[in-house]
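Colleague: Have a look at the structure that comes next, please.
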Amino acid sequence: MVAHLLRLKLLLLGNSFRRSPWQLVGVGIGALYGLGLAVALVAGTVYLAEVDPALSNTILVAAVSLITLGWAIIPLVAFGVDLTLDPARFTTFTLSRPRLAAGLLLSGLIGVPGALTLLLLGGQFLAWRRDPATLVAAVIGGVLGAVMCLALARLTTTSMTRLTGSRRFRDVAGIIAIVPLILLGPIIGSAAEGIDSVLDWLPRVVTVLGFTPLGVFAALPGDLAAGAWVLGAARLVLGLAYLGAVLWAWERGLHKSMENPLAPRTSTKAVGMGAFGIFPATPVGAVAARSLTYWLKDPRYAASIVIVPLMPVLIWFTAANAGNPQIMLVLGPLLGILMAFAISADVSYDSTAFSLHVLTGVRGVADRAGRVLACAVVALPVTALAAILPPVFLGRTDLLPAILGISLCGLLAGLGVASVASARFTYAVPLPGESPFKTPPGAGARMAIVQLATFTLMSVLLLPALGLLVAQLLTGDALFGWLALVVGVAEGAALLVAGIRIGGRWLEARMPELMQAVMVNR
């Protein structure tokens, strides 16, 4: 049974490559990137063999504990990233529960995350290679640590099934998970600044982690290197007890979830017309109301709204590090482009709901205008505030007209470019209700190329207004700033109208092809 499940995981992985060569390219790029990172970290453990064993033990226990904690937490918010061998698919089969659990657990090693984790944790032996006993202990501890990572991931996802099965939880968790990714730079920078204080209390924390499921196996070689054989033996027994308890709890939870599978929750509560009661009863209004509903309830769109309060923090941190607060002036143009870019894949995000536009025969111009209107409801006030507030707080109100013109140009022209791009190009995206982090088969390279080209074109269109801002800075003449406002708004409005019309014509001409594309991308 275990071998059969492992072969099934390999078969599913191989079939995903045959479905699309882009899937193979994407996984290959991800594997190379992860492998390069893993090799760099493993190479670092080679250096640890040359330093004090106590310091090596502190670093390794802290690193392994962080990796193990990530395996326990990340699957809760990155739901739906890998649905192969989903336990829910085995509910109708009379399978041996222990063998099913063992097969599902070991199948986690088949894939880039599991294989890299095994490589990283197993590579600890390089730090203890000078003594055969500690080397063997490091190898055993690394393998058991990798199994603990997989077991904790399975336990947390299984025990929280009813919570993660809630649509509200998935939406909130998917949005919250974006926050640390956006603020990764400031977080790393702040940690680097406080490295001295961290080194003071880290050994005490590591001592505690060495007796928890997170770092118990990583601390095992350190005991042997210090000559504490009895403590090492006791720690191994404790670690095996932890692992056994986690596996037992997961196996029990797996059995319970398969005997009583989670029924899909439905709601019959009427909440009114929502956005449909605000917009006029016209094709443009209907499309705008449906699109605005996506903005408010779909985590794939809501991620763009989350970026709004985080982007000032990120730019402020960059400005503080560079010692130049004037960098904050880029906030308005940057947010304008990012908000416009959010609808560059709206047809792909529609999935099968795009059939509503095909069957009702809505005009392409109405479709494009409705989507732009919904985005503008959110993006226009955000862009205006981001363009006005930084010059005011920095005391550079003389630059306010130019910054506002560039920002509005970025938003309006960007919406025009997005209206054309989404009508011309589609690619596989996470389906409605799936994790925003999921990478569907065949999406990697095509998505990257289309998004890069779209974003680059949006940025290039800012050059006329930017040129006038540069002229104002060089000459000190405020007239150039007002010209930048006029040129930016005029250019943006013209490109927006042109984008809606061109995108509308392409949409009408390609509706059957677009419908076929979104069906294939499922």
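Identifiers in this document derive from the order of the structure tokens: chains are assigned A, B, ..., residues are numbered from 1 separately in each chain, and ligands are numbered from 1 in order of occurrence.
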At a cut-off of 12 Å, can you tabulate as a Markdown table every residue of range 307-350 of chain A near range 363-368 of chain A together with its closest atom pair and the distance in Å to one decimal, using only C-alpha atoms and ordering rows by chain then number?

Modeller:
| residue | atom | partner | partner_atom | distance |
| --- | --- | --- | --- | --- |
| A:Ile343 | CA | A:Arg368 | CA | 10.1 |
| A:Ser344 | CA | A:Arg368 | CA | 11.0 |
| A:Asp346 | CA | A:Arg368 | CA | 10.0 |
| A:Val347 | CA | A:Asp367 | CA | 10.3 |

Colleague: For the residues selected in the previous step, produce a file with N, CA and C atoms as a PDB file, in the first residue's frame.

Modeller:
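This went into out_13.pdb:
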ATOM      1  N   ILE A 343      -5.970  44.296 -12.740  1.00  0.00           N
ATOM      2  CA  ILE A 343      -7.010  43.753 -13.614  1.00  0.00           C
ATOM      3  C   ILE A 343      -6.437  43.268 -14.941  1.00  0.00           C
ATOM      4  N   SER A 344      -5.121  43.101 -15.019  1.00  0.00           N
ATOM      5  CA  SER A 344      -4.516  42.655 -16.273  1.00  0.00           C
ATOM      6  C   SER A 344      -4.784  41.190 -16.558  1.00  0.00           C
ATOM      7  N   ASP A 346      -7.974  39.744 -15.547  1.00  0.00           N
ATOM      8  CA  ASP A 346      -9.329  39.575 -15.046  1.00  0.00           C
ATOM      9  C   ASP A 346     -10.112  38.497 -15.786  1.00  0.00           C
ATOM     10  N   VAL A 347      -9.878  38.319 -17.092  1.00  0.00           N
ATOM     11  CA  VAL A 347     -10.566  37.248 -17.825  1.00  0.00           C
ATOM     12  C   VAL A 347     -10.110  35.886 -17.319  1.00  0.00           C
TER      13      VAL A 347
END

Colleague: Please provide as a list in words all residues within 7 Å of range 127-144 of chain A, with the sequence filter that same-chain residues fewer than 2 positions apart are discarded (counting only C-alpha atoms).

Modeller: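 The filter keeps Thr45, Val46, Leu48, Ala49, Leu118, Leu121, Gly122, Gln124, Phe125, Ala146, Val147, Met148, Phe217, Ala218, Leu220, Pro221, Leu224 and Ala225 of chain A.
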
Colleague: Store the residues picked out above, limited to C-alpha atoms, as an mmCIF file, in the first residue's frame.

Modeller:
data_model
loop_
_atom_site.group_PDB
_atom_site.id
_atom_site.type_symbol
_atom_site.label_atom_id
_atom_site.label_comp_id
_atom_site.auth_asym_id
_atom_site.auth_seq_id
_atom_site.Cartn_x
_atom_site.Cartn_y
_atom_site.Cartn_z
ATOM 1 C CA THR A 45 27.280 23.991 7.582
ATOM 2 C CA VAL A 46 30.705 22.981 6.278
ATOM 3 C CA LEU A 48 30.378 25.408 11.134
ATOM 4 C CA ALA A 49 32.741 22.469 11.587
ATOM 5 C CA LEU A 118 15.463 16.359 3.625
ATOM 6 C CA LEU A 121 18.298 18.693 7.525
ATOM 7 C CA GLY A 122 20.303 15.679 6.411
ATOM 8 C CA GLN A 124 23.752 18.827 9.153
ATOM 9 C CA PHE A 125 26.294 16.031 9.357
ATOM 10 C CA ALA A 146 12.570 15.842 8.228
ATOM 11 C CA VAL A 147 9.953 13.243 9.174
ATOM 12 C CA MET A 148 8.892 15.466 12.079
ATOM 13 C CA PHE A 217 16.564 16.088 16.938
ATOM 14 C CA ALA A 218 18.813 18.987 15.871
ATOM 15 C CA LEU A 220 21.217 15.580 19.527
ATOM 16 C CA PRO A 221 24.703 15.892 17.883
ATOM 17 C CA LEU A 224 27.471 13.989 21.884
ATOM 18 C CA ALA A 225 30.021 16.637 20.866
#

Colleague: Do you know which residues are at most 6 Å from range 488-496 of chain A counting only C-alpha atoms, after dropping those on the same chain fewer than 6 positions away, and could you put them as a list of chain:residue names?

Modeller: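 Final neighbour list, sorted by chain and number: A:Gly405, A:Ile406, A:Cys409, A:Leu412, A:Ala413, A:Gly416, A:Ala465.
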
Colleague: Per DSSP on the backbone, what are the alpha helix (DSSP H) residues of range 253-469 of chain A, as a compact mmCIF listing (two decimals) with N, CA and C atoms, in the first residue's frame?

Modeller:
# COMPACT_ATOMS: atom_id res chain seq x y z
N GLY A 253 -6.59 11.71 13.84
CA GLY A 253 -7.33 12.78 13.17
C GLY A 253 -7.67 12.42 11.74
N LEU A 254 -6.76 11.71 11.06
CA LEU A 254 -7.01 11.28 9.68
C LEU A 254 -8.18 10.32 9.63
N HIS A 255 -8.19 9.38 10.56
CA HIS A 255 -9.29 8.41 10.61
C HIS A 255 -10.62 9.11 10.88
N LYS A 256 -10.61 10.07 11.80
CA LYS A 256 -11.85 10.77 12.13
C LYS A 256 -12.34 11.60 10.96
N SER A 257 -11.40 12.28 10.26
CA SER A 257 -11.82 13.12 9.14
C SER A 257 -12.32 12.29 7.97
N MET A 258 -11.84 11.05 7.82
CA MET A 258 -12.30 10.20 6.73
C MET A 258 -13.63 9.53 7.08
N GLU A 259 -13.86 9.27 8.35
CA GLU A 259 -15.14 8.70 8.75
C GLU A 259 -16.25 9.75 8.72
N PRO A 283 -25.39 47.26 -19.05
CA PRO A 283 -24.29 46.30 -19.17
C PRO A 283 -23.02 46.74 -18.45
N VAL A 284 -22.66 48.02 -18.58
CA VAL A 284 -21.47 48.52 -17.89
C VAL A 284 -21.65 48.43 -16.38
N GLY A 285 -22.84 48.81 -15.90
CA GLY A 285 -23.09 48.75 -14.47
C GLY A 285 -23.09 47.34 -13.93
N ALA A 286 -23.64 46.38 -14.69
CA ALA A 286 -23.67 44.99 -14.24
C ALA A 286 -22.26 44.41 -14.15
N VAL A 287 -21.45 44.69 -15.18
CA VAL A 287 -20.07 44.20 -15.15
C VAL A 287 -19.29 44.85 -14.01
N ALA A 288 -19.50 46.15 -13.81
CA ALA A 288 -18.81 46.85 -12.73
C ALA A 288 -19.22 46.30 -11.36
N ALA A 289 -20.52 46.02 -11.17
CA ALA A 289 -20.99 45.48 -9.89
C ALA A 289 -20.39 44.11 -9.62
N ARG A 290 -20.36 43.25 -10.64
CA ARG A 290 -19.78 41.92 -10.44
C ARG A 290 -18.29 42.01 -10.16
N SER A 291 -17.58 42.89 -10.88
CA SER A 291 -16.15 43.04 -10.68
C SER A 291 -15.83 43.62 -9.30
N LEU A 292 -16.63 44.58 -8.85
CA LEU A 292 -16.40 45.17 -7.54
C LEU A 292 -16.65 44.14 -6.44
N THR A 293 -17.61 43.24 -6.66
CA THR A 293 -17.83 42.15 -5.71
C THR A 293 -16.58 41.28 -5.59
N TYR A 294 -15.92 41.03 -6.72
CA TYR A 294 -14.65 40.29 -6.68
C TYR A 294 -13.63 41.04 -5.83
N TRP A 295 -13.52 42.35 -6.03
CA TRP A 295 -12.54 43.13 -5.30
C TRP A 295 -12.75 43.04 -3.79
N LEU A 296 -13.99 42.93 -3.37
CA LEU A 296 -14.29 42.94 -1.95
C LEU A 296 -14.28 41.54 -1.32
N LYS A 297 -14.52 40.49 -2.12
CA LYS A 297 -14.69 39.16 -1.53
C LYS A 297 -13.71 38.11 -2.03
N PRO A 299 -10.06 36.73 -2.50
CA PRO A 299 -8.72 37.02 -1.98
C PRO A 299 -7.70 37.26 -3.08
N ARG A 300 -7.95 36.76 -4.28
CA ARG A 300 -7.00 36.99 -5.37
C ARG A 300 -6.98 38.47 -5.76
N TYR A 301 -8.11 39.15 -5.63
CA TYR A 301 -8.17 40.59 -5.87
C TYR A 301 -7.87 41.38 -4.60
N ALA A 302 -8.34 40.87 -3.46
CA ALA A 302 -8.17 41.59 -2.21
C ALA A 302 -6.70 41.77 -1.86
N ALA A 303 -5.84 40.91 -2.40
CA ALA A 303 -4.40 41.07 -2.14
C ALA A 303 -3.91 42.42 -2.62
N SER A 304 -4.50 42.94 -3.70
CA SER A 304 -4.09 44.25 -4.19
C SER A 304 -4.46 45.35 -3.20
N ILE A 305 -5.58 45.17 -2.50
CA ILE A 305 -5.98 46.16 -1.50
C ILE A 305 -5.06 46.09 -0.28
N VAL A 306 -4.61 44.88 0.08
CA VAL A 306 -3.72 44.73 1.22
C VAL A 306 -2.41 45.46 0.98
N ILE A 307 -1.97 45.51 -0.27
CA ILE A 307 -0.70 46.15 -0.60
C ILE A 307 -0.74 47.65 -0.27
N VAL A 308 -1.94 48.25 -0.30
CA VAL A 308 -2.06 49.70 -0.16
C VAL A 308 -1.46 50.20 1.16
N PRO A 309 -1.85 49.65 2.33
CA PRO A 309 -1.24 50.18 3.57
C PRO A 309 0.18 49.68 3.79
N LEU A 310 0.58 48.61 3.10
CA LEU A 310 1.92 48.05 3.31
C LEU A 310 2.97 48.74 2.45
N MET A 311 2.57 49.21 1.27
CA MET A 311 3.54 49.84 0.37
C MET A 311 4.18 51.09 0.97
N PRO A 312 3.42 51.97 1.66
CA PRO A 312 4.11 53.10 2.31
C PRO A 312 5.15 52.67 3.32
N VAL A 313 4.87 51.60 4.06
CA VAL A 313 5.84 51.10 5.03
C VAL A 313 7.11 50.63 4.32
N LEU A 314 6.94 49.90 3.23
CA LEU A 314 8.08 49.38 2.50
C LEU A 314 8.92 50.52 1.90
N ILE A 315 8.26 51.50 1.31
CA ILE A 315 9.00 52.62 0.71
C ILE A 315 9.64 53.48 1.79
N TRP A 316 8.94 53.69 2.90
CA TRP A 316 9.54 54.46 4.01
C TRP A 316 10.79 53.77 4.54
N PHE A 317 10.76 52.45 4.65
CA PHE A 317 11.93 51.72 5.12
C PHE A 317 13.08 51.88 4.14
N THR A 318 12.78 51.82 2.84
CA THR A 318 13.82 52.02 1.83
C THR A 318 14.39 53.43 1.90
N ALA A 319 13.51 54.42 2.08
CA ALA A 319 13.96 55.80 2.17
C ALA A 319 14.82 56.02 3.42
N ALA A 320 14.43 55.39 4.53
CA ALA A 320 15.20 55.55 5.76
C ALA A 320 16.58 54.95 5.62
N ASN A 321 16.67 53.78 5.00
CA ASN A 321 17.98 53.15 4.81
C ASN A 321 18.86 53.96 3.86
N ALA A 322 18.24 54.55 2.85
CA ALA A 322 19.02 55.34 1.89
C ALA A 322 19.32 56.75 2.41
N LEU A 331 5.64 56.94 -4.23
CA LEU A 331 4.52 56.13 -3.75
C LEU A 331 3.30 56.25 -4.65
N GLY A 332 2.93 57.47 -5.03
CA GLY A 332 1.74 57.67 -5.86
C GLY A 332 1.83 56.99 -7.21
N PRO A 333 2.89 57.25 -8.02
CA PRO A 333 3.00 56.56 -9.31
C PRO A 333 3.06 55.05 -9.18
N LEU A 334 3.77 54.57 -8.16
CA LEU A 334 3.91 53.12 -8.00
C LEU A 334 2.57 52.47 -7.67
N LEU A 335 1.83 53.05 -6.75
CA LEU A 335 0.52 52.48 -6.41
C LEU A 335 -0.45 52.60 -7.58
N GLY A 336 -0.36 53.68 -8.35
CA GLY A 336 -1.23 53.81 -9.51
C GLY A 336 -1.03 52.68 -10.51
N ILE A 337 0.23 52.37 -10.79
CA ILE A 337 0.53 51.29 -11.74
C ILE A 337 0.11 49.93 -11.15
N LEU A 338 0.40 49.71 -9.87
CA LEU A 338 0.08 48.42 -9.25
C LEU A 338 -1.43 48.19 -9.21
N MET A 339 -2.21 49.21 -8.91
CA MET A 339 -3.66 49.04 -8.86
C MET A 339 -4.22 48.78 -10.25
N ALA A 340 -3.67 49.44 -11.27
CA ALA A 340 -4.12 49.17 -12.64
C ALA A 340 -3.72 47.78 -13.08
N PHE A 341 -2.54 47.36 -12.67
CA PHE A 341 -2.04 46.04 -13.06
C PHE A 341 -2.91 44.92 -12.51
N ASP A 346 -7.97 39.74 -15.55
CA ASP A 346 -9.33 39.58 -15.05
C ASP A 346 -10.11 38.50 -15.79
N VAL A 347 -9.88 38.32 -17.09
CA VAL A 347 -10.57 37.25 -17.82
C VAL A 347 -10.11 35.89 -17.32
N SER A 348 -8.82 35.75 -17.06
CA SER A 348 -8.31 34.49 -16.52
C SER A 348 -8.92 34.21 -15.15
N TYR A 349 -9.04 35.25 -14.31
CA TYR A 349 -9.62 35.06 -12.99
C TYR A 349 -11.11 34.75 -13.05
N ASP A 350 -11.79 35.16 -14.11
CA ASP A 350 -13.22 34.86 -14.25
C ASP A 350 -13.48 33.36 -14.30
N SER A 355 -18.36 32.74 -19.08
CA SER A 355 -19.45 32.33 -19.97
C SER A 355 -20.64 33.29 -19.89
N LEU A 356 -20.81 33.98 -18.76
CA LEU A 356 -21.89 34.97 -18.65
C LEU A 356 -21.73 36.06 -19.71
N HIS A 357 -20.50 36.47 -19.96
CA HIS A 357 -20.25 37.52 -20.94
C HIS A 357 -20.44 36.98 -22.37
N VAL A 358 -20.10 35.71 -22.55
CA VAL A 358 -20.22 35.12 -23.88
C VAL A 358 -21.68 34.89 -24.24
N LEU A 359 -22.44 34.30 -23.31
CA LEU A 359 -23.82 33.92 -23.60
C LEU A 359 -24.76 35.12 -23.68
N THR A 360 -24.51 36.15 -22.89
CA THR A 360 -25.39 37.32 -22.92
C THR A 360 -25.05 38.26 -24.06
N GLY A 364 -17.94 44.24 -26.08
CA GLY A 364 -16.60 44.27 -25.53
C GLY A 364 -16.28 45.56 -24.82
N VAL A 365 -16.73 46.69 -25.39
CA VAL A 365 -16.48 47.99 -24.77
C VAL A 365 -17.16 48.07 -23.41
N ALA A 366 -18.37 47.55 -23.30
CA ALA A 366 -19.08 47.57 -22.02
C ALA A 366 -18.37 46.70 -20.99
N ASP A 367 -17.86 45.56 -21.44
CA ASP A 367 -17.12 44.68 -20.54
C ASP A 367 -15.87 45.38 -20.02
N ARG A 368 -15.09 45.96 -20.93
CA ARG A 368 -13.85 46.63 -20.53
C ARG A 368 -14.15 47.84 -19.63
N ALA A 369 -15.14 48.62 -19.98
CA ALA A 369 -15.47 49.81 -19.20
C ALA A 369 -15.97 49.44 -17.81
N GLY A 370 -16.77 48.38 -17.70
CA GLY A 370 -17.28 47.95 -16.40
C GLY A 370 -16.17 47.51 -15.47
N ARG A 371 -15.21 46.76 -16.00
CA ARG A 371 -14.10 46.31 -15.16
C ARG A 371 -13.23 47.48 -14.73
N VAL A 372 -13.00 48.42 -15.63
CA VAL A 372 -12.22 49.61 -15.29
C VAL A 372 -12.93 50.44 -14.23
N LEU A 373 -14.24 50.58 -14.35
CA LEU A 373 -15.00 51.36 -13.38
C LEU A 373 -14.91 50.76 -11.99
N ALA A 374 -15.03 49.43 -11.89
CA ALA A 374 -14.93 48.77 -10.59
C ALA A 374 -13.56 48.98 -9.97
N CYS A 375 -12.52 48.85 -10.76
CA CYS A 375 -11.16 49.06 -10.25
C CYS A 375 -10.96 50.52 -9.84
N ALA A 376 -11.51 51.45 -10.61
CA ALA A 376 -11.33 52.87 -10.32
C ALA A 376 -11.99 53.27 -9.01
N VAL A 377 -13.08 52.59 -8.62
CA VAL A 377 -13.73 52.91 -7.35
C VAL A 377 -12.75 52.74 -6.20
N VAL A 378 -11.91 51.73 -6.29
CA VAL A 378 -10.92 51.47 -5.24
C VAL A 378 -9.64 52.23 -5.50
N ALA A 379 -9.17 52.22 -6.75
CA ALA A 379 -7.83 52.69 -7.07
C ALA A 379 -7.71 54.21 -7.13
N LEU A 380 -8.75 54.91 -7.58
CA LEU A 380 -8.64 56.35 -7.78
C LEU A 380 -8.39 57.11 -6.47
N PRO A 381 -9.19 56.88 -5.42
CA PRO A 381 -8.88 57.60 -4.17
C PRO A 381 -7.55 57.18 -3.56
N VAL A 382 -7.19 55.91 -3.69
CA VAL A 382 -5.91 55.44 -3.15
C VAL A 382 -4.75 56.13 -3.86
N THR A 383 -4.80 56.18 -5.17
CA THR A 383 -3.73 56.81 -5.93
C THR A 383 -3.64 58.30 -5.65
N ALA A 384 -4.79 58.97 -5.55
CA ALA A 384 -4.79 60.40 -5.29
C ALA A 384 -4.18 60.72 -3.93
N LEU A 385 -4.55 59.96 -2.91
CA LEU A 385 -3.98 60.19 -1.58
C LEU A 385 -2.48 59.89 -1.55
N ALA A 386 -2.07 58.82 -2.23
CA ALA A 386 -0.65 58.45 -2.26
C ALA A 386 0.17 59.49 -3.01
N ALA A 387 -0.45 60.22 -3.93
CA ALA A 387 0.26 61.26 -4.68
C ALA A 387 0.29 62.58 -3.92
N ILE A 388 -0.73 62.86 -3.13
CA ILE A 388 -0.84 64.17 -2.47
C ILE A 388 -0.12 64.21 -1.13
N LEU A 389 -0.27 63.16 -0.31
CA LEU A 389 0.23 63.21 1.06
C LEU A 389 1.76 63.29 1.16
N PRO A 390 2.54 62.48 0.42
CA PRO A 390 4.00 62.59 0.57
C PRO A 390 4.56 63.98 0.28
N PRO A 391 4.19 64.66 -0.82
CA PRO A 391 4.72 66.02 -1.01
C PRO A 391 4.32 66.98 0.10
N VAL A 392 3.10 66.81 0.63
CA VAL A 392 2.65 67.70 1.70
C VAL A 392 3.48 67.49 2.96
N PHE A 393 3.67 66.22 3.37
CA PHE A 393 4.41 65.93 4.60
C PHE A 393 5.90 66.23 4.45
N LEU A 400 3.80 68.89 -6.06
CA LEU A 400 2.51 68.20 -5.98
C LEU A 400 1.81 68.06 -7.34
N PRO A 401 1.70 69.12 -8.17
CA PRO A 401 1.02 68.93 -9.46
C PRO A 401 1.69 67.87 -10.33
N ALA A 402 3.02 67.88 -10.39
CA ALA A 402 3.72 66.91 -11.24
C ALA A 402 3.54 65.49 -10.72
N ILE A 403 3.66 65.30 -9.40
CA ILE A 403 3.50 63.96 -8.83
C ILE A 403 2.08 63.46 -9.04
N LEU A 404 1.09 64.34 -8.88
CA LEU A 404 -0.31 63.94 -9.10
C LEU A 404 -0.54 63.59 -10.56
N GLY A 405 0.03 64.36 -11.47
CA GLY A 405 -0.14 64.06 -12.90
C GLY A 405 0.49 62.73 -13.28
N ILE A 406 1.70 62.47 -12.77
CA ILE A 406 2.37 61.19 -13.07
C ILE A 406 1.58 60.03 -12.49
N SER A 407 1.07 60.18 -11.27
CA SER A 407 0.32 59.10 -10.62
C SER A 407 -0.97 58.80 -11.37
N LEU A 408 -1.72 59.83 -11.73
CA LEU A 408 -2.97 59.61 -12.47
C LEU A 408 -2.70 59.05 -13.85
N CYS A 409 -1.58 59.47 -14.46
CA CYS A 409 -1.20 58.89 -15.74
C CYS A 409 -0.92 57.40 -15.59
N GLY A 410 -0.19 57.03 -14.53
CA GLY A 410 0.09 55.62 -14.29
C GLY A 410 -1.17 54.81 -14.11
N LEU A 411 -2.15 55.36 -13.37
CA LEU A 411 -3.40 54.64 -13.14
C LEU A 411 -4.23 54.55 -14.42
N LEU A 412 -4.49 55.67 -15.06
CA LEU A 412 -5.38 55.69 -16.23
C LEU A 412 -4.77 54.95 -17.40
N ALA A 413 -3.51 55.25 -17.71
CA ALA A 413 -2.85 54.55 -18.82
C ALA A 413 -2.68 53.08 -18.50
N GLY A 414 -2.40 52.77 -17.22
CA GLY A 414 -2.27 51.37 -16.84
C GLY A 414 -3.57 50.61 -16.99
N LEU A 415 -4.70 51.26 -16.67
CA LEU A 415 -6.00 50.60 -16.87
C LEU A 415 -6.26 50.35 -18.35
N GLY A 416 -5.82 51.27 -19.20
CA GLY A 416 -5.97 51.05 -20.64
C GLY A 416 -5.14 49.88 -21.12
N VAL A 417 -3.88 49.80 -20.67
CA VAL A 417 -3.02 48.68 -21.06
C VAL A 417 -3.59 47.37 -20.53
N ALA A 418 -4.06 47.36 -19.27
CA ALA A 418 -4.62 46.14 -18.70
C ALA A 418 -5.87 45.70 -19.44
N SER A 419 -6.66 46.66 -19.93
CA SER A 419 -7.87 46.31 -20.67
C SER A 419 -7.53 45.58 -21.97
N VAL A 420 -6.43 45.95 -22.58
CA VAL A 420 -5.99 45.27 -23.80
C VAL A 420 -5.35 43.92 -23.46
N ALA A 421 -4.49 43.91 -22.45
CA ALA A 421 -3.74 42.69 -22.12
C ALA A 421 -4.66 41.55 -21.70
N SER A 422 -5.67 41.85 -20.87
CA SER A 422 -6.54 40.77 -20.40
C SER A 422 -7.44 40.23 -21.51
N ALA A 423 -7.70 41.05 -22.55
CA ALA A 423 -8.50 40.58 -23.68
C ALA A 423 -7.67 39.80 -24.69
N ARG A 424 -6.36 39.96 -24.64
CA ARG A 424 -5.49 39.33 -25.62
C ARG A 424 -4.77 38.10 -25.07
N GLY A 444 3.73 29.12 -15.13
CA GLY A 444 4.95 29.82 -14.73
C GLY A 444 5.54 30.77 -15.75
N ALA A 445 6.09 30.23 -16.85
CA ALA A 445 6.83 31.05 -17.80
C ALA A 445 5.91 32.01 -18.55
N ARG A 446 4.77 31.54 -19.04
CA ARG A 446 3.85 32.41 -19.78
C ARG A 446 3.35 33.56 -18.90
N MET A 447 3.00 33.25 -17.66
CA MET A 447 2.54 34.28 -16.74
C MET A 447 3.63 35.32 -16.51
N ALA A 448 4.85 34.87 -16.30
CA ALA A 448 5.95 35.80 -16.04
C ALA A 448 6.20 36.72 -17.22
N ILE A 449 6.18 36.17 -18.43
CA ILE A 449 6.46 36.98 -19.62
C ILE A 449 5.36 38.01 -19.84
N VAL A 450 4.09 37.58 -19.76
CA VAL A 450 2.98 38.51 -20.00
C VAL A 450 2.96 39.60 -18.94
N GLN A 451 3.12 39.23 -17.67
CA GLN A 451 3.07 40.22 -16.61
C GLN A 451 4.24 41.19 -16.69
N LEU A 452 5.42 40.69 -17.01
CA LEU A 452 6.58 41.57 -17.13
C LEU A 452 6.41 42.56 -18.27
N ALA A 453 5.92 42.08 -19.42
CA ALA A 453 5.71 42.97 -20.56
C ALA A 453 4.64 44.02 -20.25
N THR A 454 3.56 43.61 -19.59
CA THR A 454 2.48 44.55 -19.26
C THR A 454 2.97 45.62 -18.29
N PHE A 455 3.65 45.20 -17.24
CA PHE A 455 4.13 46.16 -16.24
C PHE A 455 5.17 47.10 -16.82
N THR A 456 6.04 46.57 -17.69
CA THR A 456 7.05 47.42 -18.32
C THR A 456 6.42 48.48 -19.20
N LEU A 457 5.41 48.09 -19.99
CA LEU A 457 4.73 49.05 -20.87
C LEU A 457 4.04 50.14 -20.04
N MET A 458 3.40 49.75 -18.93
CA MET A 458 2.77 50.75 -18.07
C MET A 458 3.79 51.76 -17.56
N SER A 459 4.97 51.30 -17.22
CA SER A 459 6.01 52.19 -16.70
C SER A 459 6.55 53.11 -17.78
N VAL A 460 6.72 52.59 -18.99
CA VAL A 460 7.27 53.40 -20.09
C VAL A 460 6.34 54.55 -20.44
N LEU A 463 6.85 58.27 -19.19
CA LEU A 463 8.01 59.07 -19.56
C LEU A 463 7.68 60.52 -19.91
N PRO A 464 6.61 60.82 -20.67
CA PRO A 464 6.34 62.24 -20.97
C PRO A 464 6.16 63.08 -19.71
N ALA A 465 5.33 62.62 -18.78
CA ALA A 465 5.10 63.39 -17.56
C ALA A 465 6.36 63.40 -16.69
N LEU A 466 7.09 62.31 -16.68
CA LEU A 466 8.34 62.28 -15.91
C LEU A 466 9.35 63.28 -16.47
N GLY A 467 9.40 63.40 -17.79
CA GLY A 467 10.31 64.36 -18.40
C GLY A 467 10.02 65.78 -17.96
N LEU A 468 8.74 66.12 -17.84
CA LEU A 468 8.36 67.46 -17.39
C LEU A 468 8.72 67.67 -15.91
N LEU A 469 8.61 66.62 -15.10
CA LEU A 469 9.03 66.72 -13.70
C LEU A 469 10.53 66.98 -13.61

Colleague: Considering only C-alpha atoms, can you say which of A:Gln326, A:Thr117, A:Thr207, A:Gln472 comes closest to Ala219 in chain A?

Modeller: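 Looking only at the distances to Ala219 in chain A, the closest residue turns out to be A:Thr207.
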